[in-house]
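Asks: Provided herewith is a single structure, encoded as C-alpha cells, for subsequent inquiry.
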Amino acid sequence: MSTKLNILLIVAMVATLFLTPIPAFAAEPVTYKVTFLLADSPEDNGWNDAHWRGIQEIKTLGELKEETATGFTVLLKDGTTLEVSTIQKIGYNPADIERMAQNAVERGANLVFGTWFDSAKPLETMAAQYPDVLFEHCSGYPMIKNNGTNLSTYFIKQEQGDYVAGYVVGRLGHTSVGLVGTFPIPEPVRGINGFALGLQRGLKEAGQDPQSSMVQVVWINSWLDAQKEQLAAESLVAEGYPVIRQMADTPYSSQAACQEPGVLAVGYGTNVAPSAPCSVVTNEWNWGDYYVTRIQEAIDGTWKSQDWWGGFEADAIIMAGWNDQLVSNDIRAAAEQIAADIKTGFDPFCGPLSGTGLDTNGEEVRLEVPVGKCLSDMDLLTQQWFFDGVNSELPPAPPNGQQLELK
C-alpha cells in the first residue's frame, strides 16, 4: 500500500473519531437537606404548632414530591431536591438537644433549625464543631458574637402583637387582667410590658383612667405544662380577674378561662379560637416567610450569619381569631390600624415610660424613659424590669445591672 494511501486512511479514521458523538454524562442530582428540631409535638396547638405551620410554607419553593408525618421532599425549579425533616418531642434538656442535632448532621443535614430557647447552647456547640453546616437558633439572646460564621439567631417581635392585644382588652373596658407567664426572662417580660402598655392606651381611648389598669402575673416556670397553665388560670379567675391573658406556649390557660361564665381570654402564638370560644383575639406567630427566605438563601449560597428580629413590618405577626361577637368592628379596625402604624414605623416603647426592676444586689430601682426617647432593641432584648401597671415578682437583674442605652 502506498504511503499516500496510508495517510488518507489515517485522516479518515481521525475524522471519524471527531464526528462520532461523545456520550453525555448527566450531572449528579443535588440534594439539600434541612432539619428542624422541635421541643414537643406540632399538635400542641401552640409554640410547636406555629413552627410547623411555618415549615409547611417551605413547600411553596417547588413541587411537592413526597410527604410523611415528619417531613416532605420538594423538587425545585433548578433541579435541586429539597428534603425537609423534623425531629419532634426532643424536650428541654441541652444534652438531648445536642444529641438530636448531632443525629441530624450525621444524616447529612446541610441546615439545622433549633426552634426554642433551650436549643441555644447546643447549637452554638454544634456550629463550632461543624463549620460546613449552617445552624439557626430561635428565641433567646443574640449570640453570633460567639460564632458568626455558620450560626444565626432569629425571633419575632411578639411584644408588638402583645401591645395590640392589650389595646383590644382596654378598649373593651377591662382594667384587670390575669396573665399566665412562663419564665421571668426578657422574652416574656417585654411581652408582658407590651401588653400592659397597650391595655393602658385602650383604656384611655375608651374614656377610662389608664392608671387604673393592673396586669397580675402568675409564673408557672415552664414553657409547656398543661396542669400548671390550667391551675394558674383558674386561680386568677377565682381571684376575680375577668380576662386571662395566655402567654404560655399552649392554649390550656385560655381553655380554662372559657370554662367560667363571663370570663374572656386572649390567645398567644397560635389562634386559640377553635378551642377557646371566649377568646377575643390572638397575636399569632408567622415563621413561614423567614423559613422560606433563609432556606432559599442557603441553597443559593447567599446565606449569611445574622441576628434577625422581625415584627409587623416583616409580616411575622398576625392578629388572628377575631371574635366578632365580643369585639366590635370599630375596635377591631382601630387595633388593626395600630398594627399597620407599627409596620410603618410607630414605636410603642417610647417615653414617657416608668417602672421598677432589681439591681444586682436585689434592691428595687426605678427606671424612666423620658419623652423623646425610646427603648433600643438591646433594651428590649435584655429587659428585666416591669412597667408601672404590672404586678409581679420582679425578674432578676441583668448581669450588668439595670442599664438603658435608649435611642
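Scheme for the C-alpha cells: letters A, B, ... for chains in order shown; per-chain residue numbers from 1; ligand numbers from 1 in order shown.
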Just asking: which residues within stretch 312-346 of chain A are strand (DSSP E) according to DSSP, as a list in words?

Replies: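 Matching residues for strand (DSSP E) in stretch 312-346 of chain A are Ile317, Ile318, Met319 and Ala320 of chain A.
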
Asks: Write out as an MDAnalysis selection string all residues of stretch 161-231 of chain A that backbone DSSP assigns to helix (DSSP H, G or I).

Replies: chainID A and resid 161:171 186:205 210:212 226:231

Asks: Would you mind telling me which residue in A:Trp287, A:Tyr92, A:Tyr130, A:Phe312 lies nearest to A:Gln56 when using only C-alpha atoms?

Replies: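 For A:Gln56, the nearest of the candidates is A:Trp287.
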
Asks: From the options A:Val365, A:Ile317, A:Ile97, A:Ile331, which residue's atoms come nearest to A:Gln160, counting only C-alpha atoms?

Replies: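 Using only C-alpha atoms, A:Gln160 sits closest to A:Ile317.
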
Asks: With distances taken over only C-alpha atoms, which residue among A:Asn93, A:Gln306, A:Gln384, A:Thr31 lies nearest A:Tyr154?

Replies: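 When distances to A:Tyr154 are compared using only C-alpha atoms, the smallest one comes from A:Gln306.
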
Asks: Find the residues around stretch 216-229 of chain A up to 9 Å (only C-alpha atoms counted), leave out those fewer than 4 positions away in its own chain, and share them as a list in words.

Replies: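 Within the cut-off, the hits are Asp40, Ser176, Val177, Gly178, Leu179, Val180, Gly181, Thr182, Phe183, Pro184, Ile192, Ala233, Glu234, Leu236, Tyr241, Gln246, Ala248, Asp249, Thr250, Pro251, Tyr252, Ser253, Ser254, Ala256, Gly389, Val390, Asn391, Ser392 and Glu393 of chain A.
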
Asks: As an exercise, work out the distance from atom CA of A:Lys304 to atom CA of A:Ala39 in Å and give it to one decimal place.

Replies: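 Result for atom CA of A:Lys304 versus atom CA of A:Ala39: 25.5 Å, one decimal.
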
Asks: For the atom pair atom CA of A:Phe135 and atom CA of A:Glu67, what is the interatomic distance in Å to one decimal place?

Replies: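 Distance between the two atoms: 23.6 Å.
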
Asks: Compare A:Leu82, A:Ala104, A:Ala69, A:Ile87 by their minimum atom-to-atom distance to A:Leu38, counting only C-alpha atoms, and give me the closest one.

Replies: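 For A:Leu38, the nearest of the candidates is A:Ile87.
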